[in-house]
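One structure is given here, and the rest of the page talks about it.
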Amino acid sequence: MVNAKIKHDCKTELNDVDLRATPARLALMKLFEIADKPIDVKSMIDYLNKKDIATDPATVFRIVNMFTEKGLTRQIQLQEGKFRYELASKADHHHLVCTRCGEIQDISDCNIDVLENHIEKKKNFKVTSHSLEFFGICANCQQ
């Protein structure tokens, strides 16, 4: 679940959107920074507990909702009955979701921009965002 490619100053990023840099907020921003797939609230709580940062589920929900409102994270729903979150600054990508084990992988080599251009020109519809997920069976579950 670690991706060392993306680095930013979490405290500055929180201050830039008028949020105090509390230990829980900083820890969650760092978690989003290293995550290589969208994170659910239970995983956030587990991460904070491992970091000895005392919090409750309601607080974590409030934090992630604030992050989303401020444009730091985006909310993703992958037909699991819960939301997941990832950094909004992450490069445009989509998700592969295994319907057997629940594994989630990012996929970024999609030519969705061609479809967006077609929609904008042929349908006179300005696309402001999109979401695309593929559901199936991962390589491990196929064996």
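Ligands are numbered from 1 in the order shown, chains are lettered A, B, ... in the order of the structure tokens, and residues start at 1 in each chain.
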
Q: Select from segment 4-143 of chain A everything DSSP, run on the backbone, classes as helix (DSSP H, G or I), then give the selection as a ChimeraX atom specification.
A: /A:10-16,23-34,41-50,57-69,112-123,139-142

Q: List every residue of chain A that DSSP, applied to the backbone of this structure, assigns to strand (DSSP E), and report them as an NGL selection string.
A: :A and (39-40 or 73-77 or 83-87 or 94-98 or 104-107 or 133-136)

(Q) My list of candidates is A:Leu48, A:Leu87, A:Cys138, A:Val97. Which is closest to Thr68 of chain A when distances are computed with only C-alpha atoms? (A) A:Leu87

Q) A:Cys98, A:Met29, A:Ala88, A:Val60: which is nearest Glu13 of chain A, counting only C-alpha atoms? A) A:Met29

(Q) Just want the 12 Å neighbourhood of Asn140 of chain A, counted on only C-alpha atoms, with same-chain residues fewer than 6 positions away dropped. Output as an NGL selection string. (A) :A and (98-103)

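Residue neighbourhood of Val64 of chain A, excluding near-sequence residues (fewer than 6 positions): Arg25, Leu28, Met29, Asp40, Val41, Met44, Lys70, Leu72, Thr73, Arg74, Gln75, Arg84, Tyr85 and Glu86 of chain A, at 10 Å, using only C-alpha atoms.
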
Write the residues of the preceding selection, restricted to C-alpha atoms, as a PDB file, in the first residue's frame.
ATOM      1  CA  ARG A  25      -5.055  15.317  10.080  1.00  0.00           C
ATOM      2  CA  LEU A  28      -4.119  10.954   7.462  1.00  0.00           C
ATOM      3  CA  MET A  29      -2.577  13.264   4.857  1.00  0.00           C
ATOM      4  CA  ASP A  40     -11.655   3.305   3.492  1.00  0.00           C
ATOM      5  CA  VAL A  41     -12.389   4.821   6.905  1.00  0.00           C
ATOM      6  CA  MET A  44      -7.711   5.111   8.335  1.00  0.00           C
ATOM      7  CA  LYS A  70     -11.556  21.473   0.727  1.00  0.00           C
ATOM      8  CA  LEU A  72      -7.642  17.633  -0.812  1.00  0.00           C
ATOM      9  CA  THR A  73      -9.243  14.219  -1.338  1.00  0.00           C
ATOM     10  CA  ARG A  74     -11.867  12.746  -3.596  1.00  0.00           C
ATOM     11  CA  GLN A  75     -14.513  10.256  -2.584  1.00  0.00           C
ATOM     12  CA  ARG A  84     -13.012   5.162  -0.175  1.00  0.00           C
ATOM     13  CA  TYR A  85     -10.813   8.229  -0.496  1.00  0.00           C
ATOM     14  CA  GLU A  86      -7.636   9.237  -2.305  1.00  0.00           C
TER      15      GLU A  86
END

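Going from atom CA of Ile45 of chain A over to atom CA of Phe134 of chain A, you cover 27.2 Å.
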
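Comparing the minimum interatomic distances between Glu116 of chain A and each of A:Thr128, A:Gln77, A:Phe67, A:Leu19, counting only C-alpha atoms, we find that A:Thr128 sits nearest.
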
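For the pair atom CA of Leu132 of chain A and atom CA of Gln79 of chain A, the separation is 12.0 Å.
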
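Taking atom CA of Asp46 of chain A and atom CA of Glu33 of chain A as endpoints, the distance between them is 16.3 Å.
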